[in-house]
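Undergrad: Dropping in structure.txt, which is compact mmCIF, N, CA and C atoms:
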# COMPACT_ATOMS: atom_id res chain seq x y z
N MET A 1 89.08 73.10 -38.47
CA MET A 1 90.26 73.81 -38.90
C MET A 1 89.99 75.31 -38.79
N ASP A 2 90.87 76.00 -38.15
CA ASP A 2 90.72 77.43 -37.93
C ASP A 2 91.25 78.17 -39.16
N CYS A 3 90.35 78.73 -39.96
CA CYS A 3 90.76 79.40 -41.21
C CYS A 3 91.45 80.73 -40.96
N GLN A 4 91.32 81.30 -39.78
CA GLN A 4 91.96 82.57 -39.50
C GLN A 4 93.48 82.41 -39.39
N ARG A 5 93.94 81.24 -38.98
CA ARG A 5 95.36 81.02 -38.77
C ARG A 5 96.05 80.45 -40.00
N VAL A 6 95.31 80.12 -41.03
CA VAL A 6 95.86 79.49 -42.21
C VAL A 6 96.10 80.54 -43.28
N SER A 7 97.22 80.45 -43.97
CA SER A 7 97.51 81.41 -45.03
C SER A 7 96.65 81.11 -46.26
N SER A 8 96.62 82.03 -47.17
CA SER A 8 95.82 81.83 -48.37
C SER A 8 96.37 80.70 -49.23
N ILE A 9 97.67 80.52 -49.23
CA ILE A 9 98.27 79.42 -50.00
C ILE A 9 97.87 78.09 -49.38
N GLY A 10 97.94 77.99 -48.06
CA GLY A 10 97.54 76.76 -47.38
C GLY A 10 96.07 76.46 -47.59
N ARG A 11 95.25 77.48 -47.56
CA ARG A 11 93.81 77.30 -47.79
C ARG A 11 93.55 76.83 -49.21
N SER A 12 94.30 77.38 -50.16
CA SER A 12 94.15 76.97 -51.55
C SER A 12 94.57 75.52 -51.74
N LEU A 13 95.69 75.13 -51.13
CA LEU A 13 96.14 73.75 -51.24
C LEU A 13 95.17 72.79 -50.57
N TYR A 14 94.58 73.20 -49.47
CA TYR A 14 93.57 72.38 -48.79
C TYR A 14 92.35 72.20 -49.69
N ALA A 15 91.94 73.26 -50.37
CA ALA A 15 90.79 73.17 -51.27
C ALA A 15 91.10 72.28 -52.47
N ILE A 16 92.30 72.38 -52.99
CA ILE A 16 92.70 71.55 -54.13
C ILE A 16 92.73 70.09 -53.72
N GLY A 17 93.24 69.81 -52.52
CA GLY A 17 93.28 68.43 -52.05
C GLY A 17 91.91 67.85 -51.77
N ALA A 18 90.98 68.67 -51.33
CA ALA A 18 89.64 68.18 -51.03
C ALA A 18 88.85 67.92 -52.31
N ASN A 19 88.89 68.86 -53.27
CA ASN A 19 88.14 68.71 -54.51
C ASN A 19 88.78 69.61 -55.57
N PRO A 20 89.64 69.05 -56.42
CA PRO A 20 90.34 69.87 -57.41
C PRO A 20 89.40 70.58 -58.39
N ARG A 21 88.34 69.91 -58.78
CA ARG A 21 87.42 70.53 -59.74
C ARG A 21 86.71 71.73 -59.12
N ALA A 22 86.26 71.59 -57.88
CA ALA A 22 85.60 72.71 -57.20
C ALA A 22 86.58 73.87 -56.98
N ALA A 23 87.84 73.54 -56.71
CA ALA A 23 88.84 74.59 -56.53
C ALA A 23 89.06 75.36 -57.83
N GLU A 24 89.09 74.64 -58.95
CA GLU A 24 89.24 75.33 -60.24
C GLU A 24 88.03 76.20 -60.54
N LEU A 25 86.84 75.73 -60.20
CA LEU A 25 85.64 76.54 -60.43
C LEU A 25 85.61 77.79 -59.56
N ASN A 26 86.31 77.76 -58.42
CA ASN A 26 86.40 78.93 -57.56
C ASN A 26 87.56 79.84 -57.92
N GLY A 27 88.28 79.54 -58.97
CA GLY A 27 89.33 80.43 -59.44
C GLY A 27 90.71 80.12 -58.91
N ILE A 28 90.91 78.97 -58.31
CA ILE A 28 92.23 78.60 -57.81
C ILE A 28 92.95 77.82 -58.91
N PRO A 29 94.11 78.29 -59.36
CA PRO A 29 94.83 77.57 -60.43
C PRO A 29 95.50 76.32 -59.87
N SER A 30 94.79 75.20 -59.92
CA SER A 30 95.26 73.99 -59.26
C SER A 30 96.51 73.42 -59.91
N ARG A 31 96.63 73.52 -61.23
CA ARG A 31 97.83 72.98 -61.88
C ARG A 31 99.08 73.73 -61.44
N ARG A 32 98.99 75.06 -61.32
CA ARG A 32 100.14 75.86 -60.90
C ARG A 32 100.53 75.52 -59.46
N PHE A 33 99.53 75.39 -58.57
CA PHE A 33 99.82 75.05 -57.19
C PHE A 33 100.41 73.66 -57.07
N ASN A 34 99.91 72.71 -57.85
CA ASN A 34 100.46 71.36 -57.79
C ASN A 34 101.90 71.32 -58.28
N HIS A 35 102.21 72.07 -59.34
CA HIS A 35 103.60 72.11 -59.82
C HIS A 35 104.52 72.72 -58.77
N ARG A 36 104.08 73.79 -58.13
CA ARG A 36 104.91 74.41 -57.09
C ARG A 36 105.09 73.49 -55.90
N ARG A 37 104.03 72.79 -55.52
CA ARG A 37 104.10 71.87 -54.39
C ARG A 37 105.07 70.73 -54.69
N LEU A 38 105.00 70.18 -55.90
CA LEU A 38 105.90 69.11 -56.27
C LEU A 38 107.35 69.58 -56.36
N ARG A 39 107.56 70.81 -56.86
CA ARG A 39 108.92 71.35 -56.88
C ARG A 39 109.48 71.54 -55.47
N GLY A 40 108.64 71.99 -54.55
CA GLY A 40 109.07 72.13 -53.17
C GLY A 40 109.42 70.80 -52.53
N ARG A 41 108.63 69.78 -52.82
CA ARG A 41 108.93 68.45 -52.29
C ARG A 41 110.23 67.92 -52.86
N ARG A 42 110.47 68.16 -54.16
CA ARG A 42 111.73 67.72 -54.77
C ARG A 42 112.93 68.40 -54.12
N ARG A 43 112.80 69.70 -53.88
CA ARG A 43 113.90 70.43 -53.23
C ARG A 43 114.16 69.92 -51.83
N ALA A 44 113.11 69.61 -51.09
CA ALA A 44 113.29 69.09 -49.74
C ALA A 44 113.96 67.72 -49.77
N ARG A 45 113.58 66.88 -50.72
CA ARG A 45 114.23 65.56 -50.84
C ARG A 45 115.69 65.69 -51.21
N ARG A 46 116.01 66.62 -52.11
CA ARG A 46 117.40 66.83 -52.49
C ARG A 46 118.23 67.31 -51.30
N LEU A 47 117.68 68.25 -50.55
CA LEU A 47 118.39 68.75 -49.38
C LEU A 47 118.60 67.65 -48.34
N ALA A 48 117.57 66.82 -48.12
CA ALA A 48 117.71 65.72 -47.16
C ALA A 48 118.76 64.72 -47.63
N GLY A 49 118.80 64.43 -48.93
CA GLY A 49 119.81 63.52 -49.46
C GLY A 49 121.21 64.07 -49.33
N LEU A 50 121.37 65.36 -49.59
CA LEU A 50 122.69 65.98 -49.43
C LEU A 50 123.15 65.98 -47.98
N LEU A 51 122.24 66.29 -47.07
CA LEU A 51 122.60 66.28 -45.65
C LEU A 51 122.96 64.88 -45.17
N LEU A 52 122.21 63.87 -45.63
CA LEU A 52 122.51 62.49 -45.24
C LEU A 52 123.85 62.05 -45.81
N ALA A 53 124.13 62.38 -47.07
CA ALA A 53 125.41 62.02 -47.67
C ALA A 53 126.57 62.72 -46.97
N ALA A 54 126.35 63.97 -46.58
CA ALA A 54 127.40 64.69 -45.86
C ALA A 54 127.63 64.09 -44.48
N ARG A 55 126.56 63.66 -43.84
CA ARG A 55 126.72 63.08 -42.50
C ARG A 55 127.38 61.71 -42.55
N LEU A 56 126.99 60.89 -43.55
CA LEU A 56 127.58 59.55 -43.67
C LEU A 56 128.93 59.56 -44.38
N ARG A 57 129.24 60.68 -45.04
CA ARG A 57 130.47 60.84 -45.81
C ARG A 57 130.59 59.83 -46.94
N ILE A 58 129.46 59.44 -47.47
CA ILE A 58 129.42 58.54 -48.62
C ILE A 58 128.10 58.76 -49.34
N GLY A 59 128.14 58.67 -50.64
CA GLY A 59 126.91 58.81 -51.41
C GLY A 59 126.48 57.47 -51.97
N GLN A 60 125.53 56.84 -51.33
CA GLN A 60 125.03 55.58 -51.84
C GLN A 60 123.52 55.55 -51.70
N ALA A 61 122.86 54.83 -52.60
CA ALA A 61 121.40 54.84 -52.65
C ALA A 61 120.75 54.18 -51.44
N SER A 62 121.40 53.22 -50.84
CA SER A 62 120.80 52.51 -49.71
C SER A 62 121.22 53.10 -48.37
N GLY A 63 121.72 54.30 -48.35
CA GLY A 63 122.21 54.90 -47.12
C GLY A 63 121.14 55.31 -46.14
N GLY A 64 119.93 55.57 -46.60
CA GLY A 64 118.90 56.07 -45.70
C GLY A 64 117.79 55.10 -45.37
N LEU A 65 117.98 53.83 -45.68
CA LEU A 65 116.90 52.86 -45.45
C LEU A 65 116.58 52.68 -43.97
N GLU A 66 117.56 52.80 -43.11
CA GLU A 66 117.29 52.62 -41.68
C GLU A 66 116.54 53.80 -41.08
N TYR A 67 116.42 54.91 -41.82
CA TYR A 67 115.67 56.06 -41.34
C TYR A 67 114.21 56.04 -41.78
N LEU A 68 113.83 55.12 -42.63
CA LEU A 68 112.48 55.12 -43.19
C LEU A 68 111.43 54.74 -42.15
N LEU A 69 111.60 53.63 -41.45
CA LEU A 69 110.61 53.21 -40.47
C LEU A 69 110.50 54.18 -39.29
N PRO A 70 111.59 54.68 -38.73
CA PRO A 70 111.42 55.68 -37.67
C PRO A 70 110.71 56.95 -38.13
N ALA A 71 110.91 57.35 -39.38
CA ALA A 71 110.21 58.53 -39.89
C ALA A 71 108.71 58.25 -39.99
N LEU A 72 108.34 57.07 -40.44
CA LEU A 72 106.92 56.72 -40.52
C LEU A 72 106.29 56.63 -39.13
N VAL A 73 107.01 56.06 -38.19
CA VAL A 73 106.49 55.97 -36.82
C VAL A 73 106.29 57.35 -36.22
N GLY A 74 107.25 58.25 -36.44
CA GLY A 74 107.10 59.61 -35.95
C GLY A 74 105.92 60.32 -36.58
N ALA A 75 105.69 60.08 -37.87
CA ALA A 75 104.54 60.70 -38.54
C ALA A 75 103.23 60.15 -38.00
N PHE A 76 103.17 58.84 -37.76
CA PHE A 76 101.94 58.26 -37.22
C PHE A 76 101.69 58.70 -35.79
N LEU A 77 102.74 58.84 -35.00
CA LEU A 77 102.56 59.31 -33.63
C LEU A 77 102.12 60.76 -33.58
N GLY A 78 102.51 61.54 -34.56
CA GLY A 78 102.16 62.95 -34.57
C GLY A 78 100.84 63.26 -35.23
N SER A 79 100.22 62.26 -35.86
CA SER A 79 98.97 62.54 -36.57
C SER A 79 97.80 62.54 -35.60
N ASP A 80 96.77 63.24 -35.99
CA ASP A 80 95.55 63.35 -35.19
C ASP A 80 94.45 62.62 -35.94
N HIS A 81 93.85 61.63 -35.31
CA HIS A 81 92.85 60.81 -35.99
C HIS A 81 91.47 61.46 -36.01
N ASP A 82 91.29 62.55 -35.30
CA ASP A 82 89.99 63.22 -35.28
C ASP A 82 89.82 64.14 -36.47
N GLN A 83 90.91 64.62 -37.03
CA GLN A 83 90.85 65.56 -38.14
C GLN A 83 91.47 64.92 -39.38
N PRO A 84 90.92 65.20 -40.56
CA PRO A 84 91.51 64.62 -41.77
C PRO A 84 92.84 65.26 -42.16
N VAL A 85 93.15 66.43 -41.60
CA VAL A 85 94.39 67.13 -41.93
C VAL A 85 95.38 66.94 -40.79
N ALA A 86 96.58 66.52 -41.11
CA ALA A 86 97.60 66.33 -40.09
C ALA A 86 98.22 67.67 -39.73
N SER A 87 98.63 67.82 -38.49
CA SER A 87 99.21 69.08 -38.05
C SER A 87 100.74 68.97 -38.03
N THR A 88 101.39 70.03 -38.41
CA THR A 88 102.84 70.04 -38.45
C THR A 88 103.42 69.96 -37.05
N SER A 89 102.81 70.67 -36.11
CA SER A 89 103.32 70.63 -34.74
C SER A 89 103.17 69.24 -34.14
N GLY A 90 102.12 68.53 -34.47
CA GLY A 90 101.96 67.16 -33.98
C GLY A 90 103.04 66.24 -34.51
N HIS A 91 103.41 66.41 -35.79
CA HIS A 91 104.48 65.60 -36.36
C HIS A 91 105.82 65.90 -35.69
N ILE A 92 106.07 67.17 -35.43
CA ILE A 92 107.33 67.54 -34.79
C ILE A 92 107.42 66.93 -33.40
N VAL A 93 106.33 67.00 -32.65
CA VAL A 93 106.32 66.40 -31.31
C VAL A 93 106.47 64.89 -31.39
N GLY A 94 105.79 64.25 -32.34
CA GLY A 94 105.89 62.81 -32.49
C GLY A 94 107.28 62.35 -32.87
N VAL A 95 107.90 63.05 -33.80
CA VAL A 95 109.25 62.68 -34.23
C VAL A 95 110.27 62.96 -33.14
N ALA A 96 110.09 64.03 -32.41
CA ALA A 96 111.07 64.39 -31.38
C ALA A 96 110.93 63.56 -30.11
N SER A 97 109.75 63.05 -29.82
CA SER A 97 109.55 62.40 -28.53
C SER A 97 109.88 60.92 -28.52
N TRP A 98 109.59 60.18 -29.57
CA TRP A 98 109.72 58.73 -29.45
C TRP A 98 111.15 58.23 -29.38
N PRO A 99 112.16 58.81 -30.06
CA PRO A 99 113.51 58.25 -29.92
C PRO A 99 114.09 58.42 -28.53
N SER A 100 113.73 59.49 -27.85
CA SER A 100 114.28 59.69 -26.51
C SER A 100 113.76 58.64 -25.54
N HIS A 101 112.51 58.24 -25.69
CA HIS A 101 111.96 57.19 -24.82
C HIS A 101 112.66 55.85 -25.07
N LEU A 102 112.92 55.55 -26.31
CA LEU A 102 113.59 54.29 -26.63
C LEU A 102 115.03 54.28 -26.15
N ARG A 103 115.72 55.38 -26.29
CA ARG A 103 117.11 55.43 -25.83
C ARG A 103 117.20 55.26 -24.32
N HIS A 104 116.26 55.90 -23.60
CA HIS A 104 116.29 55.77 -22.15
C HIS A 104 115.96 54.36 -21.71
N SER A 105 115.07 53.67 -22.42
CA SER A 105 114.75 52.31 -22.03
C SER A 105 115.93 51.38 -22.27
N GLN A 106 116.71 51.62 -23.30
CA GLN A 106 117.88 50.78 -23.56
C GLN A 106 119.01 51.09 -22.59
N GLN A 107 119.09 52.32 -22.12
CA GLN A 107 120.15 52.67 -21.18
C GLN A 107 119.92 52.07 -19.80
N ILE A 108 118.68 51.83 -19.44
CA ILE A 108 118.42 51.26 -18.11
C ILE A 108 118.36 49.74 -18.14
N GLY A 109 118.79 49.15 -19.25
CA GLY A 109 118.90 47.70 -19.29
C GLY A 109 117.81 47.01 -20.07
N GLY A 110 117.11 47.72 -20.92
CA GLY A 110 116.08 47.10 -21.75
C GLY A 110 116.69 46.19 -22.80
N ALA A 111 115.89 45.28 -23.30
CA ALA A 111 116.38 44.32 -24.29
C ALA A 111 116.64 45.02 -25.63
N PHE A 112 117.45 44.36 -26.46
CA PHE A 112 117.83 44.95 -27.74
C PHE A 112 116.67 45.03 -28.73
N PHE A 113 115.65 44.23 -28.53
CA PHE A 113 114.55 44.17 -29.50
C PHE A 113 113.42 45.15 -29.20
N ILE A 114 113.60 46.02 -28.21
CA ILE A 114 112.53 46.95 -27.84
C ILE A 114 112.28 47.96 -28.96
N GLU A 115 113.32 48.50 -29.55
CA GLU A 115 113.13 49.51 -30.60
C GLU A 115 112.42 48.94 -31.84
N PRO A 116 112.85 47.80 -32.40
CA PRO A 116 112.10 47.26 -33.54
C PRO A 116 110.68 46.84 -33.18
N LEU A 117 110.49 46.36 -31.97
CA LEU A 117 109.15 45.96 -31.52
C LEU A 117 108.25 47.19 -31.43
N PHE A 118 108.77 48.28 -30.87
CA PHE A 118 107.99 49.52 -30.76
C PHE A 118 107.65 50.07 -32.13
N ASN A 119 108.62 50.05 -33.06
CA ASN A 119 108.37 50.52 -34.42
C ASN A 119 107.29 49.70 -35.10
N GLY A 120 107.35 48.39 -34.94
CA GLY A 120 106.37 47.52 -35.58
C GLY A 120 104.99 47.66 -34.99
N VAL A 121 104.89 47.82 -33.69
CA VAL A 121 103.58 47.92 -33.05
C VAL A 121 102.90 49.25 -33.39
N THR A 122 103.66 50.33 -33.46
CA THR A 122 103.04 51.63 -33.74
C THR A 122 102.63 51.77 -35.19
N CYS A 123 103.29 51.07 -36.09
CA CYS A 123 102.86 51.14 -37.51
C CYS A 123 101.70 50.22 -37.71
Turn the structure described in the file into structure tokens.

TA:
Amino acid sequence: MDCQRVSSIGRSLYAIGANPRAAELNGIPSRRFNHRRLRGRRRARRLAGLLLAARLRIGQASGGLEYLLPALVGAFLGSDHDQPVASTSGHIVGVASWPSHLRHSQQIGGAFFIEPLFNGVTC
């Protein structure tokens, strides 16, 4: 991991994730960072729920279940198995690349079960 390109907040979060006790001994307030991280995740989930409800024009709890497996597949395709830390750019490439391949295979006459088969094999 190249520490020159990482911000101090990212470095602190990486240290907290690796060893919270050692991070506290080095002067990083791990409880404050964890609370901020959790608040950020909550805000992102709320925004995603609002966008999904606006797109579907209905607010129901089971509205996003069909997006769960493709999101996991995109995350697994974007992860790097050589490093313990996943890269954001790898996730973006993984999420953006796999649906286009599946759509093109279905347009040229592929069977209907190719997408669920691909999702199951990659997970």

Undergrad: List every residue of range 3-42 of chain A that DSSP, applied to the backbone of this structure, places in helix (DSSP H, G or I), and write the result as a VMD selection string.

TA: chain A and resid 8 to 18 20 to 25 30 to 42

Undergrad: Which value, in Å to one decimal, gives the distance between CA of Ser62 in chain A and atom N of Gly49 in chain A?

TA: 12.1 Å

Undergrad: Between atom N of Pro29 in chain A and CA of Ala44 in chain A, what distance in Å does the model show, to one decimal?

TA: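 Between atom N of Pro29 in chain A and CA of Ala44 in chain A the gap is 23.3 Å.
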
Undergrad: Between atom C of Ala96 in chain A and atom C of Leu117 in chain A, what is the spacing in Å?

TA: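 Separating atom C of Leu117 in chain A from atom C of Ala96 in chain A is a distance of 16.6 Å.
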